[in-house]
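Trainee: Just dropping this structure here.
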Amino acid sequence: MSFLQKTSPDLNFRSPYVLVATWFGAGWLPRMPGTWGALAALPLAWLLHLAGGPWLILAAAALVFALGLWAAGRYMDAVDVHDPGAIVVDEVAAQWLTLAFMPLEVWVYLLGFLLFRGFDILKPFPVGWLDRRMGGAIGVMIDDLVAALYAILILWAVVGTTGGNG
């Protein structure tokens, strides 16, 4: 596990809150943990869409958001840091929200990934404001959902003009 980057030697990878917060270790991968988390969300979104369509992805995003609140809070308490980079469950929930009602096409998923990560990184208002102002686990989770909303608006505009059936 030397390729993984932990933020505290006290964290146990087998702990449920650590698994959820880091999305099964994706947040411990070197460089750009949020990107790794969002990438890890893509194949699961595809499988969820195949298994149950857009509503299953939306339900999974809501479930992961709720679990993320719990896991992020526990993780931050363990490392005594607000919003450590290793917490990527917020990216997973937001990436799934971004893709929930989009057509099951590779280019749409790729564009959804790029748009979401772009808004998550650039943090246009109110994303950056929420990121700075909200404390605790809700602060970690909520700014990514707002970034996802920006990505959704652009995806709907693009997919709608290219004949997609989102």
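Each chain in the structure tokens gets a letter, A, B, ..., in the order shown, and its residues are numbered from 1; ligands are numbered from 1 in order too.
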Write out as a PyMOL selection string each polymer residue whose atoms come within 12 Å of Leu47 (chain A), counting only C-alpha atoms; drop sequence neighbours fewer than 4 positions from it.

Mentor: chain A and resi 41-43+51-54+56-57+60+96+99-100+104

Trainee: If we count only C-alpha atoms, what is near Val20 (chain A) at a cut-off of 7 Å, once residues fewer than 5 positions away on the same chain are taken out, given as a list in words?

Mentor: Gly68, Ala71 and Val89 of chain A

Trainee: Any idea what the distance is between CA of Asp83 (chain A) and CA of Phe101 (chain A)?

Mentor: 28.5 Å

Trainee: Would you mind listing, for every residue of region 24-99 of chain A within 7 Å of region 110-134 of chain A, the two atoms forming the shortest contact and the distance between them in Å to one decimal, using only C-alpha atoms, sorted by chain and ascending residue number, as a Markdown table?

Mentor:
| residue | atom | partner | partner_atom | distance |
| --- | --- | --- | --- | --- |
| A:Thr35 | CA | A:Arg117 | CA | 6.9 |
| A:Gln95 | CA | A:Phe116 | CA | 6.8 |
| A:Thr98 | CA | A:Gly112 | CA | 6.4 |
| A:Leu99 | CA | A:Gly112 | CA | 6.5 |

Trainee: May I have the residues from that selection written out with N, CA and C atoms, as a compact mmCIF listing (two decimals), in the first residue's frame?

Mentor:
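New file out04.txt:
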# COMPACT_ATOMS: atom_id res chain seq x y z
N THR A 35 -10.19 14.05 -8.39
CA THR A 35 -10.30 13.51 -9.75
C THR A 35 -10.38 11.99 -9.70
N GLN A 95 -20.82 13.40 -8.75
CA GLN A 95 -20.65 12.88 -10.11
C GLN A 95 -21.87 12.07 -10.51
N THR A 98 -24.64 14.41 -11.32
CA THR A 98 -24.39 15.00 -12.64
C THR A 98 -24.90 14.10 -13.76
N LEU A 99 -24.70 12.80 -13.61
CA LEU A 99 -25.00 11.86 -14.69
C LEU A 99 -26.37 11.20 -14.60

Trainee: For the atom pair CA of Leu145 (chain A) and CA of Trp70 (chain A), what is the interatomic distance in Å to one decimal place?

Mentor: 16.3 Å

Trainee: Which of these, A:Trp156, A:Val106, A:Val92, A:Gly85, has the shortest distance to Leu29 (chain A) once you count only C-alpha atoms?

Mentor: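 The shortest atom-to-atom distance to Leu29 (chain A) comes from A:Gly85.
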